[in-house]
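Inspection log for the structure reproduced underneath, given as structure tokens.
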Amino acid sequence: MAAPAAEASKPFLGLLNGVAQAAYYGNKEITEELLREQLYPDMAPQEFAALRAKAAGLLKSIASADMDTNQLEAFLTAQTKKPGGITSDQAAVIAKFWRNHRMKIRDNLINQSKWENSLKNLSWRVDFKSQSRNIDQLSSPVAIVEMELRKNGQPFISSSSSWKLFSSITIRRHSERQLEKQTFSVGSSNIPG
């Protein structure tokens, strides 16, 4: 009895895969006509369009909420009880599909939502002379910032910049010790690094 149920669920699983390929993986070759011809050749076009729209709507809801196992179970249970909803077999197929494709769909949605470069790594440091007999002989500090950026679908780009910093030193007395506090602000001049 399990074999006929598994056999009957294959076209629906294929439909979910087709919807995911078209919607989330950018495969433009997957069309509604192709899916109907390959998976449900005996179904009327209007009936198939409704089934495809239902599958796409369910996947969109599940993916946009990035549902975990508990959320998915509650959502699918509600969908099976809803008039005109899905069957228990379809709910089981959707659950299995989502377990196998969740991370890949999530990653593709994140990549599709990026408009600009993304930051892979950022490192910085401030260089300055720290020892001198006179405070006036301390050199001007320099900030060095290194960024690794990635444009969508392209390898990482490394960028490095340096800025000369202007130092202001405030000396305060605290108890019997003298404390020195340095504050820095970014200057407007860009020093090639």
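Labels used: A, B, ... for chains in the order of the structure tokens, numbers from 1 for residues in each chain, and numbers from 1 for ligands as shown.
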Who sits within 8 Å of range 44-55 of chain A, only C-alpha atoms, same chain under 6 positions skipped, as a ChimeraX atom specification:
/A:15-16,19,32,36
Counting only C-alpha atoms, which of A:Leu149, A:Leu58, A:Ala92, A:Ala143 gets nearest to Leu119 in chain A?
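Closest candidate: A:Leu149.
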Residues near Ser113 in chain A, cut-off 12 Å, only C-alpha atoms, skip fewer than 5 positions along chain, as a ChimeraX atom specification
/A:24,64,106-108,118,152
Go ahead and save the residues from that selection, with all heavy atoms, as a PDB file, in the first residue's frame.
```
ATOM      1  N   TYR A  24      13.304  29.921  -7.621  1.00  0.00           N
ATOM      2  CA  TYR A  24      14.414  30.177  -6.704  1.00  0.00           C
ATOM      3  C   TYR A  24      15.790  29.921  -7.299  1.00  0.00           C
ATOM      4  O   TYR A  24      16.775  30.472  -6.827  1.00  0.00           O
ATOM      5  CB  TYR A  24      14.245  29.344  -5.429  1.00  0.00           C
ATOM      6  CG  TYR A  24      12.929  29.624  -4.754  1.00  0.00           C
ATOM      7  CD1 TYR A  24      11.920  28.663  -4.710  1.00  0.00           C
ATOM      8  CD2 TYR A  24      12.661  30.866  -4.198  1.00  0.00           C
ATOM      9  CE1 TYR A  24      10.707  28.933  -4.114  1.00  0.00           C
ATOM     10  CE2 TYR A  24      11.448  31.145  -3.607  1.00  0.00           C
ATOM     11  CZ  TYR A  24      10.476  30.173  -3.574  1.00  0.00           C
ATOM     12  OH  TYR A  24       9.273  30.454  -2.990  1.00  0.00           O
ATOM     13  N   SER A  64       9.533  32.244   2.480  1.00  0.00           N
ATOM     14  CA  SER A  64       9.647  33.611   2.999  1.00  0.00           C
ATOM     15  C   SER A  64       9.692  33.636   4.520  1.00  0.00           C
ATOM     16  O   SER A  64      10.299  34.525   5.113  1.00  0.00           O
ATOM     17  CB  SER A  64       8.515  34.489   2.473  1.00  0.00           C
ATOM     18  OG  SER A  64       7.277  34.016   2.935  1.00  0.00           O
ATOM     19  N   ARG A 106      17.059  29.025   0.767  1.00  0.00           N
ATOM     20  CA  ARG A 106      17.360  30.170   1.638  1.00  0.00           C
ATOM     21  C   ARG A 106      18.570  30.937   1.109  1.00  0.00           C
ATOM     22  O   ARG A 106      18.547  32.163   1.004  1.00  0.00           O
ATOM     23  CB  ARG A 106      17.627  29.683   3.058  1.00  0.00           C
ATOM     24  CG  ARG A 106      17.932  30.768   4.041  1.00  0.00           C
ATOM     25  CD  ARG A 106      18.212  30.172   5.424  1.00  0.00           C
ATOM     26  NE  ARG A 106      18.565  31.192   6.358  1.00  0.00           N
ATOM     27  CZ  ARG A 106      19.786  31.723   6.483  1.00  0.00           C
ATOM     28  NH1 ARG A 106      20.762  31.310   5.723  1.00  0.00           N
ATOM     29  NH2 ARG A 106      20.027  32.655   7.367  1.00  0.00           N
ATOM     30  N   ASP A 107      19.634  30.214   0.757  1.00  0.00           N
ATOM     31  CA  ASP A 107      20.841  30.868   0.228  1.00  0.00           C
ATOM     32  C   ASP A 107      20.553  31.595  -1.078  1.00  0.00           C
ATOM     33  O   ASP A 107      21.046  32.713  -1.298  1.00  0.00           O
ATOM     34  CB  ASP A 107      21.960  29.847   0.026  1.00  0.00           C
ATOM     35  CG  ASP A 107      22.510  29.308   1.334  1.00  0.00           C
ATOM     36  OD1 ASP A 107      22.257  29.929   2.395  1.00  0.00           O
ATOM     37  OD2 ASP A 107      23.185  28.261   1.306  1.00  0.00           O
ATOM     38  N   ASN A 108      19.749  30.985  -1.952  1.00  0.00           N
ATOM     39  CA  ASN A 108      19.408  31.644  -3.213  1.00  0.00           C
ATOM     40  C   ASN A 108      18.556  32.879  -2.986  1.00  0.00           C
ATOM     41  O   ASN A 108      18.731  33.889  -3.674  1.00  0.00           O
ATOM     42  CB  ASN A 108      18.714  30.670  -4.167  1.00  0.00           C
ATOM     43  CG  ASN A 108      19.699  29.752  -4.851  1.00  0.00           C
ATOM     44  OD1 ASN A 108      20.807  30.144  -5.171  1.00  0.00           O
ATOM     45  ND2 ASN A 108      19.299  28.515  -5.060  1.00  0.00           N
ATOM     46  N   SER A 118      28.885  42.554  -1.246  1.00  0.00           N
ATOM     47  CA  SER A 118      28.777  42.072   0.129  1.00  0.00           C
ATOM     48  C   SER A 118      30.175  42.023   0.741  1.00  0.00           C
ATOM     49  O   SER A 118      31.153  41.805   0.044  1.00  0.00           O
ATOM     50  CB  SER A 118      28.116  40.692   0.177  1.00  0.00           C
ATOM     51  OG  SER A 118      28.847  39.770  -0.574  1.00  0.00           O
ATOM     52  N   ASN A 152      27.915  40.158  -6.579  1.00  0.00           N
ATOM     53  CA  ASN A 152      27.085  38.964  -6.772  1.00  0.00           C
ATOM     54  C   ASN A 152      27.644  38.096  -7.874  1.00  0.00           C
ATOM     55  O   ASN A 152      27.822  38.528  -9.000  1.00  0.00           O
ATOM     56  CB  ASN A 152      25.647  39.356  -7.097  1.00  0.00           C
ATOM     57  CG  ASN A 152      24.935  39.923  -5.894  1.00  0.00           C
ATOM     58  OD1 ASN A 152      25.335  39.671  -4.770  1.00  0.00           O
ATOM     59  ND2 ASN A 152      23.901  40.692  -6.108  1.00  0.00           N
TER      60      ASN A 152
END
```
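Between CA of Glu29 in chain A and CA of Ala65 in chain A there is a distance of 26.8 Å.
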Counting only C-alpha atoms, which of A:Lys28, A:Arg150, A:Lys104, A:Lys96 gets nearest to Asn121 in chain A?
A:Arg150
